[in-house]
Amino acid sequence: MTPPSTLLHFAPVLLRGMVVTLEVTAASGCIAFLLAFLVGAARLSRIALVRTVAAVYIEVLRGTSALIQLYFLFFILPALGVDITPMEAAALGLGLTFSAYGAEVVRAGIVAVGSGQWDAAHALGMGRGLAFRRIILPQAFVAMLAPFGNMLVELLKSTSLVSLITLTDLTFAGTQVITSAGRPAQVWGAVLFLYFLMCFPLSRGVRALEKRMTVYRGSVRGAA
Amino acid sequence: MPQSSEPVIQLQAVSKRYGDRTILDGIDLKILGGEKVAIIGPSGSGKSTILRLVMGLEPYQSGRISISGRLLPSEAESRRERRRKLQKSSGHDVGMVFQQFNLFPHMTAIQNVMEAPMHVLGLSPSDARLRARELFAKVGLQGRDEAYPAQLSGGEQQRVAIARALAMQPEVMLFDEVTSALDPELVGGVLNVLKDLARESRMTMLIVTHEMSFARDVSDRVLFMEKGRIVEQGPPSQMFSSPENERTRVFLAEILSR
Amino acid sequence: MIFDFHLAASILPLLLRGLAITIEATLSGFLFALVGGLLLALGLRATMLPVRAAASTIIEFLRNTPLLVQLYFIFYGLPLAGIRFSAMTTGILGMGLYYSAYIAEVYRGGIDAVHRGQWDAARALGFSRWQSWLRIILPQAIPPVIPVLGNYLIGMFKETPLLATITIPELLSAARQITGMTYRYTEPYAMIALIFLVISYSTSLVFRRLERKRANP
């Protein structure tokens with residue numbers, strides 16, 4: 001058994017890794033979120049070409065592995081003359097991958113609102129843009145919160161991949177500690193625990209949100 | 001009582017198909033300003049579809065529809081003019097109340113009623129609120145302003161829907177089986193609101209309904225539809241007591257015997 | 001040059017050998033996850049509280065930590081406690097455990113969707129708990145969720161590159177081997193990306209066709 005003092009000795013390294021993990025999550029999360037809305041709305045466009053391009057985007061990014069996309073950006077872009085830092089590659093790579101999943105969340109959320117709301121808005125003289133902004137999107141957004149929450153947890157876990165493109169995240173910090181002090185079982189156990197600490201509250205929050213959502217939607221449908 | 005002899009709604013040889021199913025088959029219909037018309041018939045007869053066409057919610061393939069003299073383009077015509085979704089039939093002349101209420105669940109009752117007058121007609125919030133309060137009083141909903149749809153009964157929600165449509169001050173109001181989704185004990189209240197409306201206002205009203213005694217009380221003319229065609233039409237006194245068409249008689253006998 | 005087709009053709013056999021390992025790992029891992037997920041799902045609905053608590057704790061832990069670190073723990077950490085698995089076994093065990101937590105939720109959804117009345121009817125006819133599960137509930141719970149299970153199969157397939165980090169010679173390893181030998185990155189990575197895309201897209205089409213068939217028999 002490790003004397004507690006040894007593990008605590010390496011805590012700063014691991015904590016610094018945690019900070020990088022959170023940074024990557026935030027950066028790629030923003031990119032993913034923004035692109036998700038763009039592509040998700042494009043998926044519902046009235047112009048067939050826009051719809052198709054969005055569909056292809058989603059299929060290609062969902063059909064390939066996140067790690068390979070990261071390697072692509074990290075190794076191949078420089079070969080083509082584009083300079084990219086590990087952090088940029090990480091944010092862009094994970095951002096693109098998760099934007100594809102996010103786009104489906106956006107699309108499903110909008111579609112779930114139901115044609116009756118479009119009908120009512122039209123019957124009141126509201127144009128498509130006004131109806132989308134004030135009636136459809138607010139309702140769709142509420143439906144998207146829980147799935148986006150889950151996506152955020154997945155994104156946070158996926159950031160462990162950036163350790164393989166030399167970013168000093170929590171996983172990379174783990175390998176650093178083992179290189180200098182050994183004890184892989186304790187270190188990886190600690191790293192697992194730290195990831196759990198970051199992800200579990202988020203998961204619980206999403207679960208609570210989902211429960212409130214079913215009550216909300218149930219009462220709306222019940223009253224209607 | 002009808003206002004003028006100029007038709008406010010006119011359908012000429014209107015047909016609508018969905019895939020290879022014919023929903024409406026050569027409908028000819030003239031509705032005069034101020035007329036209250038009830039449409040009855042079995043499900044699938046196309047009654048609701050006529051309302052949805054007049055409202056501009058769905059395209060039609062052949063014939064001609066005009067509202068207050070303005071032409072509603074057919075599907076082919078809209079595509080040519082590159083307008084996939086039909087414009088509102090004629091500004092804000094036509095309003096509609098739906099079977100499923102379709103209230104905006106993320107807004108309070110009064111916000112539902114204020115929304116379109118503010119953002120489509122450009123009313124100030126205080127004017128919109130005033131109008132909404134008056135309409136609430138009219139439909140019997142005082143004191144329920146700040147409730148959300150989820151907190152209201154079905155009958156209350158439908159009254160909000162009626163107030164919401166009236167707030168746009170349309171010339172024509174369409175009612176699509178507005179009591180069919182209500183619990184039986186709430187139906188009477190909503191029908192009373194409609195009866196008052198029919199009696200007091202000069203709007204043209206098209207009412208699709210299964211409530212026969214209500215239809216007889218409120219309407220100037222009754223249309224019986226079956227399988228996408230208007231089988232018979234006439235004043236309620238004639239339609240309900242001595243209909244000319246065999247199929248009308250069969251339908252009425254069936255529905256009145258329940 | 002941007003893309004050397006001649007090189008691409010010559011490395012294909014090497015990549016395909018890696019693909020075979022990938023597929024072996026995916027299918028074995030998925031089988032493990034299917035069984036493990038079912039055990040966890042049944043555990044969630046056990047009558048004894050400790051069993052339920054254990055199942056839900058295991059699921060929470062597996063779902064809130066990264067697969068990569070779980071693999072590291074099993075492959076590099078457990079040997080110190082005397083438990084040493086081969087690389088392939090570790091990969092199958094690691095992926096199987098991780099996905100069993102997700103698949104348990106899928107089963108749970110399917111089980112919850114079975115009408116309450118079915119339980120009552122089963123008991124009223126004298127079926128024991130086990131018989132009710134086996135003959136009445138599960139046969140109704142599982143078919144509707146098969147498309148969702150399909151998604152996780154594809155997901156697992158796409159996560160196999162992680163196995164390269166614990167020395168399994170799958171597709172990504174093959175590509176890295178080639179870059180090590182030829183110093184060309186574009187051809188190997190582009191090709192494995194394409195292989196992943198083709199396989200996961202066609203598999204998803206198969207499952208989509210299955211789903212449509214269920215909806216319109």
# chains A, B, ... in the order shown; residues from 1 in each chain; ligands from 1
>>> select_by_dssp(residues="range 90-176 of chain B", states="helix (DSSP H, G or I)", output="CSV table (one decimal) with C-alpha atoms, in the first residue's frame")
chain,number,residue,atom,x,y,z
B,109,ALA,CA,-52.4,32.6,-20.9
B,110,ILE,CA,-52.3,36.3,-21.4
B,111,GLN,CA,-49.0,36.2,-23.1
B,112,ASN,CA,-50.5,33.7,-25.6
B,113,VAL,CA,-53.2,36.2,-26.5
B,114,MET,CA,-50.8,39.2,-26.6
B,115,GLU,CA,-48.1,37.6,-28.7
B,116,ALA,CA,-49.5,38.0,-32.2
B,117,PRO,CA,-51.1,41.5,-31.8
B,118,MET,CA,-47.7,42.7,-30.5
B,119,HIS,CA,-45.4,41.1,-33.0
B,125,PRO,CA,-47.6,45.9,-24.8
B,126,SER,CA,-50.1,47.9,-22.8
B,127,ASP,CA,-52.6,48.0,-25.7
B,128,ALA,CA,-52.2,44.3,-26.3
B,129,ARG,CA,-52.7,43.6,-22.7
B,130,LEU,CA,-55.9,45.8,-22.6
B,131,ARG,CA,-57.3,43.9,-25.6
B,132,ALA,CA,-56.4,40.6,-24.1
B,133,ARG,CA,-58.1,41.4,-20.8
B,134,GLU,CA,-61.3,42.5,-22.6
B,135,LEU,CA,-61.3,39.2,-24.6
B,136,PHE,CA,-60.7,37.2,-21.4
B,137,ALA,CA,-63.8,38.8,-19.9
B,138,LYS,CA,-65.7,38.0,-23.0
B,139,VAL,CA,-64.8,34.3,-23.0
B,149,PRO,CA,-51.6,26.3,-20.2
B,150,ALA,CA,-50.5,23.3,-18.2
B,151,GLN,CA,-52.3,24.7,-15.2
B,154,GLY,CA,-59.2,21.8,-21.3
B,155,GLY,CA,-62.2,24.1,-21.4
B,156,GLU,CA,-60.1,27.0,-20.1
B,157,GLN,CA,-57.3,26.3,-22.6
B,158,GLN,CA,-59.8,26.3,-25.5
B,159,ARG,CA,-61.2,29.6,-24.3
B,160,VAL,CA,-57.7,31.1,-24.3
B,161,ALA,CA,-57.3,29.7,-27.8
B,162,ILE,CA,-60.5,31.5,-28.9
B,163,ALA,CA,-59.4,34.7,-27.2
B,164,ARG,CA,-56.0,34.4,-28.9
B,165,ALA,CA,-57.6,34.1,-32.3
B,166,LEU,CA,-60.1,36.9,-31.7
>>> closest_atom_pairs(of="chain B", to="chain A", cutoff="10 Å", atoms="only C-alpha atoms", output="JSON lines")
{"residue": "B:Arg52", "atom": "CA", "partner": "A:Asp119", "partner_atom": "CA", "distance": 9.2}
{"residue": "B:Met55", "atom": "CA", "partner": "A:Ala123", "partner_atom": "CA", "distance": 6.7}
{"residue": "B:Gly56", "atom": "CA", "partner": "A:Ala123", "partner_atom": "CA", "distance": 8.3}
{"residue": "B:Leu57", "atom": "CA", "partner": "A:Asp119", "partner_atom": "CA", "distance": 6.7}
{"residue": "B:Glu58", "atom": "CA", "partner": "A:Asp119", "partner_atom": "CA", "distance": 9.8}
{"residue": "B:Arg84", "atom": "CA", "partner": "A:Arg46", "partner_atom": "CA", "distance": 8.4}
{"residue": "B:Lys85", "atom": "CA", "partner": "A:Arg128", "partner_atom": "CA", "distance": 8.7}
{"residue": "B:Leu86", "atom": "CA", "partner": "A:His122", "partner_atom": "CA", "distance": 9.6}
{"residue": "B:Gln87", "atom": "CA", "partner": "A:Gly127", "partner_atom": "CA", "distance": 8.1}
{"residue": "B:Lys88", "atom": "CA", "partner": "A:Gly125", "partner_atom": "CA", "distance": 6.0}
{"residue": "B:Ser89", "atom": "CA", "partner": "A:Gly125", "partner_atom": "CA", "distance": 8.9}
{"residue": "B:Ser90", "atom": "CA", "partner": "A:Gly125", "partner_atom": "CA", "distance": 9.1}
{"residue": "B:Gly91", "atom": "CA", "partner": "A:Gly125", "partner_atom": "CA", "distance": 6.9}
{"residue": "B:His92", "atom": "CA", "partner": "A:Gly125", "partner_atom": "CA", "distance": 5.7}
{"residue": "B:Asp93", "atom": "CA", "partner": "A:Gly125", "partner_atom": "CA", "distance": 9.0}
{"residue": "B:Val94", "atom": "CA", "partner": "A:Ala123", "partner_atom": "CA", "distance": 7.4}
{"residue": "B:Gly95", "atom": "CA", "partner": "A:Ala123", "partner_atom": "CA", "distance": 5.6}
{"residue": "B:Met96", "atom": "CA", "partner": "A:Ala123", "partner_atom": "CA", "distance": 5.8}
{"residue": "B:Val97", "atom": "CA", "partner": "A:Ala120", "partner_atom": "CA", "distance": 8.0}
{"residue": "B:Phe98", "atom": "CA", "partner": "A:Ala120", "partner_atom": "CA", "distance": 7.9}
{"residue": "B:Gln99", "atom": "CA", "partner": "A:Ala224", "partner_atom": "CA", "distance": 9.5}
{"residue": "B:Gln100", "atom": "CA", "partner": "A:Ala224", "partner_atom": "CA", "distance": 6.3}
{"residue": "B:Phe101", "atom": "CA", "partner": "A:Ala224", "partner_atom": "CA", "distance": 6.9}
{"residue": "B:Asn102", "atom": "CA", "partner": "A:Gly116", "partner_atom": "CA", "distance": 5.5}
{"residue": "B:Leu103", "atom": "CA", "partner": "A:Gln117", "partner_atom": "CA", "distance": 7.4}
{"residue": "B:Phe104", "atom": "CA", "partner": "A:Ile135", "partner_atom": "CA", "distance": 6.9}
{"residue": "B:Pro105", "atom": "CA", "partner": "A:Val220", "partner_atom": "CA", "distance": 7.0}
{"residue": "B:His106", "atom": "CA", "partner": "A:Gln139", "partner_atom": "CA", "distance": 6.8}
{"residue": "B:Met107", "atom": "CA", "partner": "A:Ile135", "partner_atom": "CA", "distance": 9.2}
{"residue": "B:Val113", "atom": "CA", "partner": "A:Leu124", "partner_atom": "CA", "distance": 9.9}
{"residue": "B:Glu115", "atom": "CA", "partner": "A:Arg134", "partner_atom": "CA", "distance": 9.0}
{"residue": "B:Ala116", "atom": "CA", "partner": "A:Leu124", "partner_atom": "CA", "distance": 6.1}
{"residue": "B:Pro117", "atom": "CA", "partner": "A:Leu124", "partner_atom": "CA", "distance": 8.6}
{"residue": "B:His119", "atom": "CA", "partner": "A:Met126", "partner_atom": "CA", "distance": 7.9}
{"residue": "B:Val120", "atom": "CA", "partner": "A:Met126", "partner_atom": "CA", "distance": 6.2}
{"residue": "B:Leu121", "atom": "CA", "partner": "A:Gly125", "partner_atom": "CA", "distance": 8.9}
{"residue": "B:Tyr148", "atom": "CA", "partner": "A:Val220", "partner_atom": "CA", "distance": 9.3}
{"residue": "B:Pro149", "atom": "CA", "partner": "A:Val220", "partner_atom": "CA", "distance": 7.1}
{"residue": "B:Ala150", "atom": "CA", "partner": "A:Val220", "partner_atom": "CA", "distance": 4.8}
{"residue": "B:Gln151", "atom": "CA", "partner": "A:Ala223", "partner_atom": "CA", "distance": 7.5}
{"residue": "B:Leu152", "atom": "CA", "partner": "A:Ala223", "partner_atom": "CA", "distance": 6.9}
{"residue": "B:Ser153", "atom": "CA", "partner": "A:Ala223", "partner_atom": "CA", "distance": 6.2}
{"residue": "B:Gly154", "atom": "CA", "partner": "A:Ala223", "partner_atom": "CA", "distance": 6.0}
{"residue": "B:Gly155", "atom": "CA", "partner": "A:Ala223", "partner_atom": "CA", "distance": 9.7}
{"residue": "B:Glu156", "atom": "CA", "partner": "A:Ala223", "partner_atom": "CA", "distance": 9.9}
{"residue": "B:Gln157", "atom": "CA", "partner": "A:Ala224", "partner_atom": "CA", "distance": 7.8}
{"residue": "B:Gln158", "atom": "CA", "partner": "A:Ala224", "partner_atom": "CA", "distance": 9.2}
{"residue": "B:Ala161", "atom": "CA", "partner": "A:Ala120", "partner_atom": "CA", "distance": 9.2}
{"residue": "B:Arg164", "atom": "CA", "partner": "A:Leu124", "partner_atom": "CA", "distance": 8.2}
{"residue": "B:Ala165", "atom": "CA", "partner": "A:Leu124", "partner_atom": "CA", "distance": 6.6}
{"residue": "B:Leu166", "atom": "CA", "partner": "A:Leu124", "partner_atom": "CA", "distance": 9.5}
{"residue": "B:Ala167", "atom": "CA", "partner": "A:Leu124", "partner_atom": "CA", "distance": 9.1}
{"residue": "B:Met168", "atom": "CA", "partner": "A:Leu124", "partner_atom": "CA", "distance": 7.0}
{"residue": "B:Pro170", "atom": "CA", "partner": "A:Leu124", "partner_atom": "CA", "distance": 9.4}
{"residue": "B:Leu174", "atom": "CA", "partner": "A:Ala123", "partner_atom": "CA", "distance": 9.7}
{"residue": "B:Ala181", "atom": "CA", "partner": "A:Ala224", "partner_atom": "CA", "distance": 8.0}
{"residue": "B:Leu182", "atom": "CA", "partner": "A:Ala224", "partner_atom": "CA", "distance": 8.7}
>>> write_last_selection(atoms="C-alpha atoms", output="CSV table (one decimal), in the first residue's frame")
chain,number,residue,atom,x,y,z
B,52,ARG,CA,-57.0,24.1,-43.4
B,55,MET,CA,-56.3,29.0,-43.5
B,56,GLY,CA,-53.5,28.4,-45.9
B,57,LEU,CA,-52.0,25.5,-43.9
B,58,GLU,CA,-52.0,23.1,-46.7
B,84,ARG,CA,-43.3,26.8,-50.7
B,85,LYS,CA,-45.3,27.6,-47.6
B,86,LEU,CA,-48.4,29.5,-48.4
B,87,GLN,CA,-48.7,33.1,-47.2
B,88,LYS,CA,-51.4,33.7,-44.7
B,89,SER,CA,-54.5,33.8,-46.7
B,90,SER,CA,-55.1,37.5,-46.7
B,91,GLY,CA,-53.2,39.5,-44.1
B,92,HIS,CA,-54.9,38.7,-40.8
B,93,ASP,CA,-58.4,38.3,-42.2
B,94,VAL,CA,-58.7,34.6,-41.2
B,95,GLY,CA,-58.3,33.1,-37.7
B,96,MET,CA,-58.5,29.5,-36.6
B,97,VAL,CA,-59.2,27.6,-33.4
B,98,PHE,CA,-57.9,24.0,-33.3
B,99,GLN,CA,-59.1,20.8,-31.8
B,100,GLN,CA,-55.9,20.3,-29.9
B,101,PHE,CA,-55.8,24.0,-28.7
B,102,ASN,CA,-52.1,24.4,-29.8
B,103,LEU,CA,-51.5,27.0,-27.1
B,104,PHE,CA,-47.9,28.1,-26.6
B,105,PRO,CA,-46.9,26.2,-23.5
B,106,HIS,CA,-43.9,28.4,-22.7
B,107,MET,CA,-46.1,31.5,-22.3
B,113,VAL,CA,-53.2,36.2,-26.5
B,115,GLU,CA,-48.1,37.6,-28.7
B,116,ALA,CA,-49.5,38.0,-32.2
B,117,PRO,CA,-51.1,41.5,-31.8
B,119,HIS,CA,-45.4,41.1,-33.0
B,120,VAL,CA,-47.6,40.9,-36.1
B,121,LEU,CA,-49.8,44.0,-35.7
B,148,TYR,CA,-49.6,28.6,-17.8
B,149,PRO,CA,-51.6,26.3,-20.2
B,150,ALA,CA,-50.5,23.3,-18.2
B,151,GLN,CA,-52.3,24.7,-15.2
B,152,LEU,CA,-55.6,25.2,-17.0
B,153,SER,CA,-58.4,22.8,-17.7
B,154,GLY,CA,-59.2,21.8,-21.3
B,155,GLY,CA,-62.2,24.1,-21.4
B,156,GLU,CA,-60.1,27.0,-20.1
B,157,GLN,CA,-57.3,26.3,-22.6
B,158,GLN,CA,-59.8,26.3,-25.5
B,161,ALA,CA,-57.3,29.7,-27.8
B,164,ARG,CA,-56.0,34.4,-28.9
B,165,ALA,CA,-57.6,34.1,-32.3
B,166,LEU,CA,-60.1,36.9,-31.7
B,167,ALA,CA,-57.3,39.2,-30.6
B,168,MET,CA,-56.2,39.5,-34.3
B,170,PRO,CA,-60.2,38.6,-38.2
B,174,LEU,CA,-62.6,28.9,-38.5
B,181,ALA,CA,-60.9,16.9,-27.3
B,182,LEU,CA,-62.7,18.1,-24.2
>>> select_by_dssp(residues="range 12-182 of chain B", states="strand (DSSP E)", output="compact mmCIF listing (two decimals) with N, CA and C atoms, in the first residue's frame")
# COMPACT_ATOMS: atom_id res chain seq x y z
N GLN B 12 -63.95 27.13 -55.90
CA GLN B 12 -64.50 26.70 -57.18
C GLN B 12 -63.76 25.46 -57.63
N ALA B 13 -64.49 24.35 -57.73
CA ALA B 13 -63.95 23.08 -58.25
C ALA B 13 -62.62 22.73 -57.59
N VAL B 14 -62.56 22.90 -56.27
CA VAL B 14 -61.31 22.68 -55.55
C VAL B 14 -61.10 21.20 -55.26
N SER B 15 -59.93 20.71 -55.63
CA SER B 15 -59.58 19.32 -55.31
C SER B 15 -58.27 19.28 -54.57
N LYS B 16 -58.17 18.35 -53.66
CA LYS B 16 -56.90 18.15 -52.96
C LYS B 16 -56.59 16.67 -52.88
N ARG B 17 -55.37 16.35 -53.24
CA ARG B 17 -54.91 14.97 -53.14
C ARG B 17 -53.74 14.89 -52.18
N TYR B 18 -53.58 13.73 -51.58
CA TYR B 18 -52.39 13.47 -50.76
C TYR B 18 -51.82 12.14 -51.23
N ARG B 21 -54.31 9.50 -52.68
CA ARG B 21 -55.63 9.56 -52.03
C ARG B 21 -56.25 10.90 -52.32
N THR B 22 -57.52 10.89 -52.77
CA THR B 22 -58.23 12.15 -52.99
C THR B 22 -58.94 12.53 -51.71
N ILE B 23 -58.62 13.73 -51.18
CA ILE B 23 -59.22 14.15 -49.93
C ILE B 23 -60.44 15.04 -50.20
N LEU B 24 -60.29 15.95 -51.18
CA LEU B 24 -61.41 16.79 -51.58
C LEU B 24 -61.62 16.64 -53.08
N ASP B 25 -62.88 16.49 -53.48
CA ASP B 25 -63.16 16.14 -54.87
C ASP B 25 -64.10 17.17 -55.48
N GLY B 26 -63.56 18.22 -56.05
CA GLY B 26 -64.39 19.19 -56.76
C GLY B 26 -65.37 19.91 -55.85
N ILE B 27 -64.84 20.70 -54.92
CA ILE B 27 -65.70 21.41 -53.97
C ILE B 27 -66.07 22.77 -54.54
N ASP B 28 -67.37 23.06 -54.58
CA ASP B 28 -67.85 24.41 -54.92
C ASP B 28 -68.56 24.99 -53.71
N LEU B 29 -68.10 26.14 -53.27
CA LEU B 29 -68.67 26.68 -52.03
C LEU B 29 -68.60 28.19 -52.04
N LYS B 30 -69.69 28.84 -51.64
CA LYS B 30 -69.68 30.30 -51.50
C LYS B 30 -70.16 30.63 -50.11
N ILE B 31 -69.36 31.40 -49.38
CA ILE B 31 -69.76 31.82 -48.04
C ILE B 31 -69.84 33.34 -48.04
N LEU B 32 -70.99 33.86 -47.60
CA LEU B 32 -71.18 35.31 -47.60
C LEU B 32 -70.68 35.92 -46.29
N LYS B 36 -72.92 32.31 -40.67
CA LYS B 36 -72.41 31.28 -39.75
C LYS B 36 -72.74 29.93 -40.36
N VAL B 37 -71.69 29.21 -40.77
CA VAL B 37 -71.89 27.96 -41.48
C VAL B 37 -71.35 26.80 -40.65
N ALA B 38 -72.19 25.77 -40.45
CA ALA B 38 -71.74 24.57 -39.76
C ALA B 38 -71.44 23.49 -40.78
N ILE B 39 -70.35 22.76 -40.58
CA ILE B 39 -69.99 21.65 -41.47
C ILE B 39 -70.03 20.37 -40.66
N ILE B 40 -70.86 19.42 -41.10
CA ILE B 40 -70.96 18.16 -40.39
C ILE B 40 -70.63 17.01 -41.34
N SER B 62 -56.01 21.59 -57.51
CA SER B 62 -56.73 22.19 -58.64
C SER B 62 -57.93 22.96 -58.14
N GLY B 63 -58.38 23.89 -58.96
CA GLY B 63 -59.53 24.72 -58.63
C GLY B 63 -59.05 26.11 -58.22
N ARG B 64 -59.91 26.80 -57.54
CA ARG B 64 -59.63 28.19 -57.21
C ARG B 64 -60.20 28.52 -55.84
N ILE B 65 -59.40 29.13 -54.99
CA ILE B 65 -59.88 29.58 -53.69
C ILE B 65 -59.63 31.07 -53.58
N SER B 66 -60.64 31.84 -53.23
CA SER B 66 -60.41 33.26 -52.97
C SER B 66 -61.04 33.66 -51.65
N ILE B 67 -60.32 34.49 -50.93
CA ILE B 67 -60.76 34.99 -49.64
C ILE B 67 -60.85 36.51 -49.75
N ARG B 70 -59.27 38.00 -52.65
CA ARG B 70 -57.87 37.69 -52.93
C ARG B 70 -57.72 36.22 -53.23
N LEU B 71 -56.92 35.93 -54.27
CA LEU B 71 -56.72 34.55 -54.67
C LEU B 71 -55.69 33.86 -53.78
N LEU B 72 -56.02 32.62 -53.40
CA LEU B 72 -55.06 31.79 -52.68
C LEU B 72 -54.37 30.91 -53.71
N VAL B 94 -58.20 35.93 -41.56
CA VAL B 94 -58.72 34.63 -41.18
C VAL B 94 -58.03 34.15 -39.91
N GLY B 95 -58.83 33.71 -38.95
CA GLY B 95 -58.27 33.12 -37.73
C GLY B 95 -58.79 31.71 -37.56
N MET B 96 -58.12 30.93 -36.72
CA MET B 96 -58.54 29.53 -36.57
C MET B 96 -58.35 29.06 -35.14
N VAL B 97 -59.30 28.26 -34.68
CA VAL B 97 -59.18 27.61 -33.38
C VAL B 97 -59.14 26.10 -33.63
N VAL B 172 -62.89 36.43 -40.67
CA VAL B 172 -63.40 35.07 -40.77
C VAL B 172 -62.79 34.25 -39.64
N MET B 173 -63.60 33.47 -38.95
CA MET B 173 -63.08 32.59 -37.92
C MET B 173 -63.42 31.14 -38.26
N LEU B 174 -62.41 30.29 -38.16
CA LEU B 174 -62.59 28.88 -38.47
C LEU B 174 -62.49 28.08 -37.17
N PHE B 175 -63.44 27.20 -36.94
CA PHE B 175 -63.43 26.39 -35.72
C PHE B 175 -63.38 24.92 -36.12
N ASP B 176 -62.27 24.24 -35.78
CA ASP B 176 -62.10 22.85 -36.22
C ASP B 176 -62.36 21.89 -35.07
>>> interface_residues(of="chain A", to="chain C", cutoff="7 Å", atoms="only C-alpha atoms", output="list in words")
Val60, Gly63, Thr64, Ser65, Leu67, Ile68, Phe72, Phe75, Ile76, Lys157, Ser158, Ser160, Pro184, Ala185, Trp188, Gly189, Leu192, Tyr195, Phe196, Cys199 and Phe200 of chain A
>>> residues_around(residues="range 20-26 of chain C", least_positions_apart="3", cutoff="8 Å", atoms="only C-alpha atoms", output="NGL selection string")
:C and (16-17 or 29-30 or 88 or 91-92 or 153 or 156-157 or 160 or 169-171)
>>> atom_distance(atom1="CA of Leu34 in chain C", atom2="CA of Ile103 in chain C")
6.8 Å
>>> residues_around(residues="Gly110 in chain C", least_positions_apart="2", cutoff="8 Å", atoms="only C-alpha atoms", output="list in words")
Val106, Tyr107, Arg108, Asp112, Ala113, Val114, Ala141, Ile142, Pro144 and Val145 of chain C
>>> residues_around(residues="Gly234 in chain B", least_positions_apart="4", cutoff="8 Å", atoms="only C-alpha atoms", output="PyMOL selection string")
chain B and resi 221-223+238-239
>>> residues_around(residues="Leu97 in chain C", least_positions_apart="6", cutoff="8 Å", atoms="only C-alpha atoms", output="PyMOL selection string")
chain C and resi 32-33+36+62
>>> write_last_selection(atoms="C-alpha atoms", output="compact mmCIF listing (two decimals), in the first residue's frame")
# COMPACT_ATOMS: atom_id res chain seq x y z
CA PHE C 32 -19.43 -9.44 -23.54
CA ALA C 33 -21.31 -6.16 -23.27
CA GLY C 36 -22.83 -8.01 -19.00
CA LEU C 62 -18.21 2.84 -15.70
>>> residues_around(residues="range 91-100 of chain A", least_positions_apart="3", cutoff="7 Å", atoms="only C-alpha atoms", output="MDAnalysis selection string")
chainID A and resid 24 27:29 31:33 35:36 58 61:62 66 69:70 73 87:88 103:104
>>> write_last_selection(atoms="C-alpha atoms", output="PDB file, in the first residue's frame")
ATOM      1  CA  VAL A  24     -10.220  21.445 -23.630  1.00  0.00           C
ATOM      2  CA  ALA A  27     -13.137  25.037 -25.908  1.00  0.00           C
ATOM      3  CA  SER A  28     -14.388  22.042 -27.860  1.00  0.00           C
ATOM      4  CA  GLY A  29     -17.775  22.318 -26.180  1.00  0.00           C
ATOM      5  CA  ILE A  31     -17.272  24.863 -31.000  1.00  0.00           C
ATOM      6  CA  ALA A  32     -19.495  21.782 -30.887  1.00  0.00           C
ATOM      7  CA  PHE A  33     -22.473  23.726 -29.547  1.00  0.00           C
ATOM      8  CA  LEU A  35     -21.763  24.144 -35.063  1.00  0.00           C
ATOM      9  CA  ALA A  36     -24.530  21.855 -33.777  1.00  0.00           C
ATOM     10  CA  ILE A  58     -23.212  14.466 -39.876  1.00  0.00           C
ATOM     11  CA  LEU A  61     -18.149  12.902 -38.668  1.00  0.00           C
ATOM     12  CA  ARG A  62     -20.252  10.315 -36.867  1.00  0.00           C
ATOM     13  CA  ALA A  66     -12.778  10.575 -32.760  1.00  0.00           C
ATOM     14  CA  GLN A  69      -9.996  12.674 -36.493  1.00  0.00           C
ATOM     15  CA  LEU A  70      -7.644  14.020 -33.851  1.00  0.00           C
ATOM     16  CA  LEU A  73      -5.714  17.223 -37.582  1.00  0.00           C
ATOM     17  CA  MET A  87      -4.741  22.576 -28.153  1.00  0.00           C
ATOM     18  CA  GLU A  88      -6.180  23.863 -31.431  1.00  0.00           C
ATOM     19  CA  ALA A 103     -26.738  18.520 -34.729  1.00  0.00           C
ATOM     20  CA  GLU A 104     -28.955  15.491 -34.328  1.00  0.00           C
TER      21      GLU A 104
END
>>> atom_distance(atom1="CA of Lys211 in chain A", atom2="CA of Ser100 in chain C")
23.6 Å
>>> atom_distance(atom1="CA of Arg209 in chain C", atom2="CA of Ser28 in chain C")
24.0 Å
